[in-house]
$ cat entry-v6.pdb   # PDB, C-alpha atoms and all ligand atoms
ATOM      1  CA  MET A 222     -35.764-109.620  32.200  1.00  0.00           C
ATOM      2  CA  ILE A 223     -36.892-108.677  28.667  1.00  0.00           C
ATOM      3  CA  GLU A 224     -40.318-109.589  27.392  1.00  0.00           C
ATOM      4  CA  PHE A 225     -42.109-108.736  24.145  1.00  0.00           C
ATOM      5  CA  ARG A 226     -45.859-109.348  24.278  1.00  0.00           C
ATOM      6  CA  ASP A 227     -47.486-109.388  20.867  1.00  0.00           C
ATOM      7  CA  VAL A 228     -45.485-106.388  19.681  1.00  0.00           C
ATOM      8  CA  TYR A 229     -46.271-104.534  16.445  1.00  0.00           C
ATOM      9  CA  MET A 230     -44.236-101.615  15.177  1.00  0.00           C
ATOM     10  CA  VAL A 231     -45.424 -99.389  12.367  1.00  0.00           C
ATOM     11  CA  TYR A 232     -43.269 -96.465  11.231  1.00  0.00           C
ATOM     12  CA  GLU A 233     -45.398 -95.435   8.303  1.00  0.00           C
ATOM     13  CA  LYS A 234     -48.953 -96.220   7.398  1.00  0.00           C
ATOM     14  CA  ASN A 235     -49.490 -99.881   6.575  1.00  0.00           C
ATOM     15  CA  TRP A 236     -45.809-100.725   6.803  1.00  0.00           C
ATOM     16  CA  TYR A 237     -45.127-103.158   9.631  1.00  0.00           C
ATOM     17  CA  ALA A 238     -41.493-103.205  10.736  1.00  0.00           C
ATOM     18  CA  LEU A 239     -42.426-105.793  13.382  1.00  0.00           C
ATOM     19  CA  GLN A 240     -45.558-107.873  13.494  1.00  0.00           C
ATOM     20  CA  GLY A 241     -46.611-110.009  16.427  1.00  0.00           C
ATOM     21  CA  ILE A 242     -43.299-110.447  18.246  1.00  0.00           C
ATOM     22  CA  ASN A 243     -43.422-112.612  21.382  1.00  0.00           C
ATOM     23  CA  LEU A 244     -40.124-113.127  23.116  1.00  0.00           C
ATOM     24  CA  ARG A 245     -38.504-113.620  26.503  1.00  0.00           C
ATOM     25  CA  ILE A 246     -34.826-113.071  27.210  1.00  0.00           C
ATOM     26  CA  GLU A 247     -33.520-113.949  30.661  1.00  0.00           C
ATOM     27  CA  LYS A 248     -30.788-112.352  32.749  1.00  0.00           C
ATOM     28  CA  GLY A 249     -27.303-113.073  31.478  1.00  0.00           C
ATOM     29  CA  GLU A 250     -28.272-114.634  28.112  1.00  0.00           C
ATOM     30  CA  PHE A 251     -26.258-114.250  24.901  1.00  0.00           C
ATOM     31  CA  VAL A 252     -28.580-113.858  21.925  1.00  0.00           C
ATOM     32  CA  TYR A 253     -27.912-113.320  18.229  1.00  0.00           C
ATOM     33  CA  VAL A 254     -30.568-111.561  16.168  1.00  0.00           C
ATOM     34  CA  VAL A 255     -30.159-112.349  12.474  1.00  0.00           C
ATOM     35  CA  GLY A 256     -32.124-111.806   9.278  1.00  0.00           C
ATOM     36  CA  PRO A 257     -31.898-109.883   6.022  1.00  0.00           C
ATOM     37  CA  SER A 258     -31.599-106.126   5.863  1.00  0.00           C
ATOM     38  CA  GLY A 259     -34.962-104.560   6.693  1.00  0.00           C
ATOM     39  CA  ALA A 260     -36.134-107.587   8.714  1.00  0.00           C
ATOM     40  CA  GLY A 261     -36.569-105.504  11.875  1.00  0.00           C
ATOM     41  CA  LYS A 262     -33.364-106.212  13.855  1.00  0.00           C
ATOM     42  CA  SER A 263     -32.552-102.597  14.709  1.00  0.00           C
ATOM     43  CA  THR A 264     -36.194-101.888  15.490  1.00  0.00           C
ATOM     44  CA  LEU A 265     -36.221-104.782  17.972  1.00  0.00           C
ATOM     45  CA  LEU A 266     -33.108-103.420  19.725  1.00  0.00           C
ATOM     46  CA  ARG A 267     -34.456 -99.852  19.805  1.00  0.00           C
ATOM     47  CA  LEU A 268     -37.629-101.086  21.494  1.00  0.00           C
ATOM     48  CA  ILE A 269     -35.503-102.667  24.248  1.00  0.00           C
ATOM     49  CA  TYR A 270     -33.841 -99.378  25.209  1.00  0.00           C
ATOM     50  CA  MET A 271     -37.133 -97.576  24.707  1.00  0.00           C
ATOM     51  CA  ASP A 272     -35.831 -95.368  21.962  1.00  0.00           C
ATOM     52  CA  LEU A 273     -39.072 -96.457  20.275  1.00  0.00           C
ATOM     53  CA  PHE A 274     -42.431 -97.480  21.695  1.00  0.00           C
ATOM     54  CA  PRO A 275     -44.547-100.207  20.110  1.00  0.00           C
ATOM     55  CA  THR A 276     -47.568 -99.340  18.022  1.00  0.00           C
ATOM     56  CA  ALA A 277     -49.359-102.243  19.696  1.00  0.00           C
ATOM     57  CA  GLY A 278     -48.401-104.750  22.353  1.00  0.00           C
ATOM     58  CA  GLU A 279     -45.978-104.265  25.221  1.00  0.00           C
ATOM     59  CA  VAL A 280     -42.246-104.443  25.852  1.00  0.00           C
ATOM     60  CA  VAL A 281     -41.136-105.028  29.451  1.00  0.00           C
ATOM     61  CA  VAL A 282     -37.492-104.470  30.393  1.00  0.00           C
ATOM     62  CA  ALA A 283     -36.231-104.878  33.952  1.00  0.00           C
ATOM     63  CA  GLY A 284     -39.732-104.351  35.300  1.00  0.00           C
ATOM     64  CA  TYR A 285     -40.402-101.233  33.208  1.00  0.00           C
ATOM     65  CA  SER A 286     -43.325-101.556  30.810  1.00  0.00           C
ATOM     66  CA  SER A 287     -43.423 -99.603  27.548  1.00  0.00           C
ATOM     67  CA  SER A 288     -47.099 -98.930  28.301  1.00  0.00           C
ATOM     68  CA  ARG A 289     -46.543 -97.469  31.762  1.00  0.00           C
ATOM     69  CA  ILE A 290     -42.999 -96.089  31.983  1.00  0.00           C
ATOM     70  CA  LYS A 291     -42.900 -92.389  32.896  1.00  0.00           C
ATOM     71  CA  PRO A 292     -40.734 -90.068  30.781  1.00  0.00           C
ATOM     72  CA  LYS A 293     -38.535 -89.261  33.784  1.00  0.00           C
ATOM     73  CA  GLU A 294     -37.873 -92.977  34.366  1.00  0.00           C
ATOM     74  CA  ILE A 295     -36.489 -93.592  30.867  1.00  0.00           C
ATOM     75  CA  PRO A 296     -33.005 -92.165  31.602  1.00  0.00           C
ATOM     76  CA  TYR A 297     -32.708 -94.519  34.592  1.00  0.00           C
ATOM     77  CA  LEU A 298     -33.517 -97.518  32.417  1.00  0.00           C
ATOM     78  CA  ARG A 299     -31.075 -96.377  29.702  1.00  0.00           C
ATOM     79  CA  ARG A 300     -28.257 -96.052  32.228  1.00  0.00           C
ATOM     80  CA  LYS A 301     -28.473 -99.754  32.735  1.00  0.00           C
ATOM     81  CA  ILE A 302     -28.480-100.611  29.022  1.00  0.00           C
ATOM     82  CA  GLY A 303     -25.280-100.237  27.027  1.00  0.00           C
ATOM     83  CA  VAL A 304     -25.621 -99.834  23.258  1.00  0.00           C
ATOM     84  CA  ILE A 305     -22.995-100.127  20.533  1.00  0.00           C
ATOM     85  CA  PHE A 306     -23.445 -99.540  16.809  1.00  0.00           C
ATOM     86  CA  GLN A 307     -21.828-100.416  13.498  1.00  0.00           C
ATOM     87  CA  ASP A 308     -20.573 -96.819  13.096  1.00  0.00           C
ATOM     88  CA  PHE A 309     -19.307 -96.524  16.737  1.00  0.00           C
ATOM     89  CA  LYS A 310     -20.853 -93.070  17.341  1.00  0.00           C
ATOM     90  CA  LEU A 311     -17.826 -91.712  19.214  1.00  0.00           C
ATOM     91  CA  LEU A 312     -17.462 -87.983  19.823  1.00  0.00           C
ATOM     92  CA  LYS A 313     -14.866 -86.830  17.281  1.00  0.00           C
ATOM     93  CA  ASP A 314     -13.565 -83.854  19.267  1.00  0.00           C
ATOM     94  CA  LYS A 315     -12.893 -85.917  22.409  1.00  0.00           C
ATOM     95  CA  ASN A 316     -10.066 -88.359  22.968  1.00  0.00           C
ATOM     96  CA  VAL A 317     -10.549 -91.977  24.082  1.00  0.00           C
ATOM     97  CA  TYR A 318     -10.456 -91.179  27.793  1.00  0.00           C
ATOM     98  CA  GLU A 319     -12.853 -88.238  27.394  1.00  0.00           C
ATOM     99  CA  ASN A 320     -15.314 -90.237  25.285  1.00  0.00           C
ATOM    100  CA  VAL A 321     -15.671 -92.808  28.047  1.00  0.00           C
ATOM    101  CA  ALA A 322     -15.599 -90.267  30.886  1.00  0.00           C
ATOM    102  CA  PHE A 323     -18.402 -88.286  29.229  1.00  0.00           C
ATOM    103  CA  ALA A 324     -20.822 -91.186  29.746  1.00  0.00           C
ATOM    104  CA  LEU A 325     -20.325 -90.758  33.498  1.00  0.00           C
ATOM    105  CA  GLU A 326     -20.167 -86.940  33.532  1.00  0.00           C
ATOM    106  CA  VAL A 327     -23.667 -86.685  32.060  1.00  0.00           C
ATOM    107  CA  ILE A 328     -25.096 -88.725  34.917  1.00  0.00           C
ATOM    108  CA  GLY A 329     -23.292 -86.700  37.577  1.00  0.00           C
ATOM    109  CA  THR A 330     -20.654 -89.186  38.722  1.00  0.00           C
ATOM    110  CA  PRO A 331     -18.048 -87.515  41.012  1.00  0.00           C
ATOM    111  CA  ARG A 332     -14.786 -86.618  39.254  1.00  0.00           C
ATOM    112  CA  ARG A 333     -12.491 -88.902  41.296  1.00  0.00           C
ATOM    113  CA  LYS A 334     -14.805 -91.863  40.755  1.00  0.00           C
ATOM    114  CA  ILE A 335     -14.841 -91.135  37.009  1.00  0.00           C
ATOM    115  CA  LYS A 336     -11.074 -91.408  36.685  1.00  0.00           C
ATOM    116  CA  GLU A 337     -10.949 -94.688  38.574  1.00  0.00           C
ATOM    117  CA  LYS A 338     -13.778 -96.262  36.592  1.00  0.00           C
ATOM    118  CA  VAL A 339     -12.598 -95.068  33.171  1.00  0.00           C
ATOM    119  CA  LEU A 340      -9.023 -96.298  33.643  1.00  0.00           C
ATOM    120  CA  LYS A 341     -10.325 -99.669  34.827  1.00  0.00           C
ATOM    121  CA  VAL A 342     -12.677-100.181  31.888  1.00  0.00           C
ATOM    122  CA  LEU A 343     -10.086 -99.034  29.319  1.00  0.00           C
ATOM    123  CA  ALA A 344      -7.744-101.696  30.706  1.00  0.00           C
ATOM    124  CA  GLU A 345     -10.505-104.317  30.537  1.00  0.00           C
ATOM    125  CA  VAL A 346     -11.095-103.746  26.835  1.00  0.00           C
ATOM    126  CA  GLY A 347      -7.353-103.487  26.139  1.00  0.00           C
ATOM    127  CA  ILE A 348      -7.194 -99.911  24.883  1.00  0.00           C
ATOM    128  CA  SER A 349      -5.419 -98.089  27.783  1.00  0.00           C
ATOM    129  CA  HIS A 350      -2.358 -97.391  25.651  1.00  0.00           C
ATOM    130  CA  LYS A 351      -4.502 -95.311  23.268  1.00  0.00           C
ATOM    131  CA  ARG A 352      -6.287 -93.272  25.927  1.00  0.00           C
ATOM    132  CA  HIS A 353      -4.962 -89.937  24.579  1.00  0.00           C
ATOM    133  CA  ALA A 354      -5.773 -90.735  20.923  1.00  0.00           C
ATOM    134  CA  PHE A 355      -8.693 -89.246  19.021  1.00  0.00           C
ATOM    135  CA  PRO A 356     -11.156 -91.454  17.122  1.00  0.00           C
ATOM    136  CA  TYR A 357      -9.658 -90.607  13.690  1.00  0.00           C
ATOM    137  CA  GLN A 358      -6.326 -92.016  14.892  1.00  0.00           C
ATOM    138  CA  LEU A 359      -7.838 -95.438  15.652  1.00  0.00           C
ATOM    139  CA  SER A 360      -8.725 -98.489  13.555  1.00  0.00           C
ATOM    140  CA  GLY A 361     -12.351 -99.620  13.381  1.00  0.00           C
ATOM    141  CA  GLY A 362     -11.684-102.398  15.873  1.00  0.00           C
ATOM    142  CA  GLU A 363     -10.081 -99.961  18.308  1.00  0.00           C
ATOM    143  CA  GLN A 364     -12.961 -97.506  17.954  1.00  0.00           C
ATOM    144  CA  GLN A 365     -15.426-100.277  18.722  1.00  0.00           C
ATOM    145  CA  LYS A 366     -13.429-101.185  21.847  1.00  0.00           C
ATOM    146  CA  VAL A 367     -13.798 -97.565  22.990  1.00  0.00           C
ATOM    147  CA  ALA A 368     -17.536 -97.719  22.318  1.00  0.00           C
ATOM    148  CA  ILE A 369     -17.712-100.934  24.352  1.00  0.00           C
ATOM    149  CA  ALA A 370     -15.766 -99.281  27.191  1.00  0.00           C
ATOM    150  CA  ARG A 371     -18.193 -96.357  27.110  1.00  0.00           C
ATOM    151  CA  ALA A 372     -21.142 -98.748  27.325  1.00  0.00           C
ATOM    152  CA  LEU A 373     -19.569-100.824  30.119  1.00  0.00           C
ATOM    153  CA  VAL A 374     -18.466 -97.967  32.335  1.00  0.00           C
ATOM    154  CA  ARG A 375     -22.014 -97.591  33.680  1.00  0.00           C
ATOM    155  CA  ASP A 376     -22.169-101.287  34.664  1.00  0.00           C
ATOM    156  CA  PRO A 377     -25.114-102.168  32.403  1.00  0.00           C
ATOM    157  CA  PHE A 378     -27.112-105.352  32.865  1.00  0.00           C
ATOM    158  CA  ILE A 379     -27.834-105.507  29.129  1.00  0.00           C
ATOM    159  CA  LEU A 380     -25.466-104.763  26.251  1.00  0.00           C
ATOM    160  CA  LEU A 381     -27.155-104.253  22.870  1.00  0.00           C
ATOM    161  CA  ALA A 382     -24.907-104.503  19.828  1.00  0.00           C
ATOM    162  CA  ASP A 383     -26.320-103.500  16.433  1.00  0.00           C
ATOM    163  CA  GLU A 384     -24.065-105.099  13.789  1.00  0.00           C
ATOM    164  CA  PRO A 385     -20.994-104.163  15.846  1.00  0.00           C
ATOM    165  CA  THR A 386     -18.467-105.804  13.510  1.00  0.00           C
ATOM    166  CA  GLY A 387     -19.927-104.518  10.240  1.00  0.00           C
ATOM    167  CA  ASN A 388     -17.046-102.052   9.713  1.00  0.00           C
ATOM    168  CA  ILE A 389     -14.199-104.090  11.184  1.00  0.00           C
ATOM    169  CA  ASP A 390     -11.582-106.418   9.674  1.00  0.00           C
ATOM    170  CA  PRO A 391     -11.591-110.162  10.561  1.00  0.00           C
ATOM    171  CA  GLU A 392      -8.896-109.845  13.239  1.00  0.00           C
ATOM    172  CA  GLY A 393     -10.713-106.938  14.917  1.00  0.00           C
ATOM    173  CA  THR A 394     -13.974-108.842  14.612  1.00  0.00           C
ATOM    174  CA  ARG A 395     -12.510-111.797  16.513  1.00  0.00           C
ATOM    175  CA  GLU A 396     -11.311-109.474  19.270  1.00  0.00           C
ATOM    176  CA  ILE A 397     -14.688-107.765  19.572  1.00  0.00           C
ATOM    177  CA  LEU A 398     -16.508-111.100  19.799  1.00  0.00           C
ATOM    178  CA  GLU A 399     -14.008-112.253  22.443  1.00  0.00           C
ATOM    179  CA  LEU A 400     -14.767-109.099  24.455  1.00  0.00           C
ATOM    180  CA  LEU A 401     -18.516-109.577  24.151  1.00  0.00           C
ATOM    181  CA  LYS A 402     -18.111-113.183  25.335  1.00  0.00           C
ATOM    182  CA  ASN A 403     -16.150-112.051  28.395  1.00  0.00           C
ATOM    183  CA  ILE A 404     -18.687-109.349  29.175  1.00  0.00           C
ATOM    184  CA  ASN A 405     -21.429-111.971  29.007  1.00  0.00           C
ATOM    185  CA  THR A 406     -19.473-114.361  31.226  1.00  0.00           C
ATOM    186  CA  SER A 407     -19.333-111.670  33.887  1.00  0.00           C
ATOM    187  CA  GLY A 408     -23.149-111.617  33.931  1.00  0.00           C
ATOM    188  CA  THR A 409     -24.275-108.978  31.415  1.00  0.00           C
ATOM    189  CA  ALA A 410     -26.880-110.073  28.877  1.00  0.00           C
ATOM    190  CA  VAL A 411     -25.620-109.503  25.328  1.00  0.00           C
ATOM    191  CA  ILE A 412     -28.027-109.120  22.414  1.00  0.00           C
ATOM    192  CA  MET A 413     -26.284-108.784  19.089  1.00  0.00           C
ATOM    193  CA  ALA A 414     -27.751-108.143  15.654  1.00  0.00           C
ATOM    194  CA  THR A 415     -25.368-109.519  13.054  1.00  0.00           C
ATOM    195  CA  HIS A 416     -24.935-110.648   9.481  1.00  0.00           C
ATOM    196  CA  GLU A 417     -21.797-112.635  10.186  1.00  0.00           C
ATOM    197  CA  LEU A 418     -22.735-116.271  10.314  1.00  0.00           C
ATOM    198  CA  SER A 419     -19.078-117.268  10.779  1.00  0.00           C
ATOM    199  CA  LEU A 420     -19.162-115.624  14.225  1.00  0.00           C
ATOM    200  CA  ILE A 421     -22.184-117.640  15.195  1.00  0.00           C
ATOM    201  CA  GLU A 422     -20.586-120.892  14.070  1.00  0.00           C
ATOM    202  CA  ARG A 423     -17.500-120.178  16.150  1.00  0.00           C
ATOM    203  CA  PHE A 424     -19.525-119.265  19.224  1.00  0.00           C
ATOM    204  CA  PRO A 425     -22.978-120.846  19.016  1.00  0.00           C
ATOM    205  CA  ARG A 426     -25.566-119.229  21.246  1.00  0.00           C
ATOM    206  CA  ARG A 427     -29.312-118.630  21.153  1.00  0.00           C
ATOM    207  CA  LEU A 428     -30.294-117.366  17.731  1.00  0.00           C
ATOM    208  CA  ILE A 429     -33.433-115.479  16.799  1.00  0.00           C
ATOM    209  CA  ARG A 430     -34.088-115.103  13.081  1.00  0.00           C
ATOM    210  CA  LEU A 431     -36.344-112.322  11.809  1.00  0.00           C
ATOM    211  CA  GLU A 432     -37.930-112.124   8.396  1.00  0.00           C
ATOM    212  CA  GLN A 433     -40.247-109.305   7.414  1.00  0.00           C
ATOM    213  CA  GLY A 434     -40.881-108.359  11.016  1.00  0.00           C
ATOM    214  CA  ARG A 435     -41.645-111.851  12.271  1.00  0.00           C
ATOM    215  CA  ILE A 436     -39.637-114.394  14.248  1.00  0.00           C
ATOM    216  CA  VAL A 437     -39.179-117.361  11.923  1.00  0.00           C
ATOM    217  CA  GLU A 438     -36.674-119.233  14.117  1.00  0.00           C
ATOM    218  CA  ASP A 439     -35.696-119.193  17.795  1.00  0.00           C
ATOM    219  CA  THR A 440     -33.259-121.870  18.880  1.00  0.00           C
ATOM    220  CA  GLY A 441     -33.722-121.123  22.577  1.00  0.00           C
ATOM    221  CA  VAL A 442     -30.749-121.083  24.933  1.00  0.00           C
ATOM    222  CA  ARG A 443     -27.604-122.823  23.620  1.00  0.00           C
ATOM    223  CA  SER A 444     -24.495-122.850  25.762  1.00  0.00           C
TER     224      SER A 444
HETATM  225  N1  LIG A 501     -37.114 -94.422  11.059  1.00  0.00           N
HETATM  226  C1  LIG A 501     -37.792 -95.181  10.174  1.00  0.00           C
HETATM  227  N2  LIG A 501     -38.815 -94.677   9.451  1.00  0.00           N
HETATM  228  C2  LIG A 501     -39.521 -95.428   8.562  1.00  0.00           C
HETATM  229  N3  LIG A 501     -39.287 -96.735   8.344  1.00  0.00           N
HETATM  230  C3  LIG A 501     -38.271 -97.298   9.035  1.00  0.00           C
HETATM  231  C4  LIG A 501     -37.474 -96.557   9.983  1.00  0.00           C
HETATM  232  N4  LIG A 501     -36.557 -97.388  10.509  1.00  0.00           N
HETATM  233  C5  LIG A 501     -36.757 -98.588   9.935  1.00  0.00           C
HETATM  234  N5  LIG A 501     -37.793 -98.541   9.059  1.00  0.00           N
HETATM  235  C6  LIG A 501     -38.290 -99.681   8.257  1.00  0.00           C
HETATM  236  O1  LIG A 501     -38.614-100.732   9.155  1.00  0.00           O
HETATM  237  C7  LIG A 501     -38.204-101.981   8.636  1.00  0.00           C
HETATM  238  C8  LIG A 501     -37.228-102.640   9.582  1.00  0.00           C
HETATM  239  O2  LIG A 501     -36.052-101.865   9.658  1.00  0.00           O
HETATM  240  P1  LIG A 501     -34.843-102.193  10.612  1.00  0.00           P
HETATM  241  O3  LIG A 501     -35.345-102.500  11.975  1.00  0.00           O
HETATM  242  O4  LIG A 501     -33.863-101.106  10.478  1.00  0.00           O
HETATM  243  O5  LIG A 501     -34.270-103.552   9.958  1.00  0.00           O
HETATM  244  P2  LIG A 501     -32.829-104.215  10.032  1.00  0.00           P
HETATM  245  O6  LIG A 501     -32.110-103.615  11.176  1.00  0.00           O
HETATM  246  O7  LIG A 501     -33.102-105.680  10.199  1.00  0.00           O
HETATM  247  O8  LIG A 501     -32.161-103.942   8.724  1.00  0.00           O
HETATM  248  C9  LIG A 501     -37.609-101.698   7.266  1.00  0.00           C
HETATM  249  O9  LIG A 501     -38.624-101.909   6.311  1.00  0.00           O
HETATM  250  C10 LIG A 501     -37.228-100.249   7.346  1.00  0.00           C
HETATM  251  O10 LIG A 501     -37.268 -99.644   6.083  1.00  0.00           O
HETATM  252 MG    MG A 502     -30.333-102.619  11.289  1.00  0.00          MG
END
$ encode --input "entry-v6.pdb" --output "structure tokens" --more "lines below"
Ligand SMILES: Nc1ncnc2c1ncn2[C@@H]1O[C@H](COP(=O)(O)OP(=O)(O)O)[C@@H](O)[C@H]1O
Ligand SMILES: [Mg+2]
Amino acid sequence: MIEFRDVYMVYEKNWYALQGINLRIEKGEFVYVVGPSGAGKSTLLRLIYMDLFPTAGEVVVAGYSSSRIKPKEIPYLRRKIGVIFQDFKLLKDKNVYENVAFALEVIGTPRRKIKEKVLKVLAEVGISHKRHAFPYQLSGGEQQKVAIARALVRDPFILLADEPTGNIDPEGTREILELLKNINTSGTAVIMATHELSLIERFPRRLIRLEQGRIVEDTGVRS
């Protein structure tokens, strides 16, 4: 479902953020991406949702190739890829319900359908009781649950998580990992960049380790 074929990424002259990445990730996998700061984790994730295009080589996601995808096809691919970040990226002037609903409004989902889907996903992530709250009224863990709800409401087949627990306390971190596990069990591939080795020990899954833009370890599927 995701394939990297000899991928190189250069942001600035002579500085390789990724060099010679070859990788396959199948439908429904759970994959950790680890490595020191600057190793290329975020770059790898951004290439998957085609926020970036490789300098050399090819990334193929759900049949779309980075070399051949047309600009008008990119939004269709992105609809099917949920992304969450360390800093949540919620809209500050919208409440919880509106933040999640907005993800459907921008793709033209009918109003009645939006309400049904948003209420369902808020219940799934356990944040329904805060649906009228604004982001500043929520803890980090709660804000990340809203971000997860926003990603899930479009029924993605891949969820990318870029250090999702970096700003969350240990209790919130456990809850977020539990949610990501459940999302994966229901069939969505989860690819998570993280620093937190304790998470990985508690829930061992395939681990890809990057160092200076290269894969130095890939355990393959562990379940
Ligand atoms: N927008 C950018 N412009 C220039 N260099 C960048 C940019 N984003 C990342 N880099 C560089 O690419 C390398 C990999 O970065 P990144 O993928 O963010 O690593 P990680 O997420 O593992 O910390 C680093 O050397 C970083 O400085
Ligand atoms: Mg990063």
$ residues_around --input "entry-v6.pdb" --residues "Arg426 (chain A)" --least-positions-apart "3" --cutoff "10 Å" --atoms "only C-alpha atoms" --output "PDB file with C-alpha atoms, in the coordinates of the input"
ATOM      1  CA  GLU A 250     -28.272-114.634  28.112  1.00  0.00           C
ATOM      2  CA  PHE A 251     -26.258-114.250  24.901  1.00  0.00           C
ATOM      3  CA  VAL A 252     -28.580-113.858  21.925  1.00  0.00           C
ATOM      4  CA  TYR A 253     -27.912-113.320  18.229  1.00  0.00           C
ATOM      5  CA  ILE A 421     -22.184-117.640  15.195  1.00  0.00           C
ATOM      6  CA  GLU A 422     -20.586-120.892  14.070  1.00  0.00           C
ATOM      7  CA  ARG A 423     -17.500-120.178  16.150  1.00  0.00           C
ATOM      8  CA  ILE A 429     -33.433-115.479  16.799  1.00  0.00           C
ATOM      9  CA  THR A 440     -33.259-121.870  18.880  1.00  0.00           C
ATOM     10  CA  GLY A 441     -33.722-121.123  22.577  1.00  0.00           C
ATOM     11  CA  VAL A 442     -30.749-121.083  24.933  1.00  0.00           C
ATOM     12  CA  ARG A 443     -27.604-122.823  23.620  1.00  0.00           C
ATOM     13  CA  SER A 444     -24.495-122.850  25.762  1.00  0.00           C
TER      14      SER A 444
END
$ axis_aligned_box --input "entry-v6.pdb" --around "ligand LIG 501 (chain A)" --padding-each-side "4 Å" --output "lines of an AutoDock Vina configuration file"
center_x = -35.8
center_y = -100.1
center_z = 9.0
size_x = 15.4
size_y = 19.3
size_z = 13.9
$ closest_residue --input "entry-v6.pdb" --among "A:Ala260, A:Ile369, A:Val255, A:Ile412" --to "Tyr237 (chain A)" --atoms "all atoms listed in the file"
A:Ala260
$ resolve_selection --input "entry-v6.pdb" --expression "the PyMOL selection byres (((chain A and resi 353) around 7) and not hetatm)" --output "VMD selection string"
chain A and resid 316 to 318 351 to 352 354 to 355
$ closest_residue --input "entry-v6.pdb" --among "A:His416, A:Arg332, A:Lys248, A:Lys291" --to "ligand MG 502 (chain A)" --atoms "all atoms listed in the file"
A:His416
$ atom_distance --input "entry-v6.pdb" --atom1 "CA of Phe378 (chain A)" --atom2 "CA of Tyr285 (chain A)"
13.9 Å
$ atom_distance --input "entry-v6.pdb" --atom1 "CA of Leu428 (chain A)" --atom2 "CA of Ile290 (chain A)"
28.6 Å
$ residues_around --input "entry-v6.pdb" --residues "Arg300 (chain A)" --least-positions-apart "6" --cutoff "9 Å" --atoms "all atoms listed in the file" --output "number ranges by chain"
A: 328, 375-377
$ closest_residue --input "entry-v6.pdb" --among "A:Val342, A:Asn388, A:Ser407, A:Leu266" --to "Val254 (chain A)" --atoms "only C-alpha atoms"
A:Leu266
$ closest_residue --input "entry-v6.pdb" --among "A:Gly329, A:Gly249, A:Gly261, A:Gly303" --to "ligand LIG 501 (chain A)" --atoms "all atoms listed in the file"
A:Gly261
$ residues_near_ligand --input "entry-v6.pdb" --ligand "ligand MG 502 (chain A)" --cutoff "10 Å" --atoms "all atoms listed in the file" --output "ChimeraX atom specification"
/A:255-267,306-307,383-384,414-416
$ atom_distance --input "entry-v6.pdb" --atom1 "CA of Met230 (chain A)" --atom2 "CA of Thr386 (chain A)"
26.2 Å
$ closest_residue --input "entry-v6.pdb" --among "A:Glu392, A:Glu363, A:Glu399, A:Glu432" --to "ligand LIG 501 (chain A)" --atoms "only C-alpha atoms and all ligand atoms"
A:Glu432
$ closest_residue --input "entry-v6.pdb" --among "A:Glu345, A:Leu312, A:Lys301, A:Gly278" --to "Ala410 (chain A)" --atoms "all atoms listed in the file"
A:Lys301
$ residues_around --input "entry-v6.pdb" --residues "Glu396 (chain A)" --least-positions-apart "2" --cutoff "12 Å" --atoms "all atoms listed in the file" --output "list in words"
Val346, Gly347, Ile348, Gly361, Gly362, Glu363, Gln365, Lys366, Ile369, Pro385, Thr386, Ile389, Asp390, Pro391, Glu392, Gly393, Thr394, Leu398, Glu399, Leu400, Leu401, Lys402, Asn403 and Leu420 of chain A
$ resolve_selection --input "entry-v6.pdb" --expression "the PyMOL selection byres (((chain A and resi 304) around 6) and not hetatm)" --output "compact mmCIF listing (two decimals) with C-alpha atoms, in the frame of the given file"
# COMPACT_ATOMS: atom_id res chain seq x y z
CA GLY A 303 -25.28 -100.24 27.03
CA ILE A 305 -23.00 -100.13 20.53
CA LEU A 380 -25.47 -104.76 26.25
CA LEU A 381 -27.16 -104.25 22.87
CA ALA A 382 -24.91 -104.50 19.83
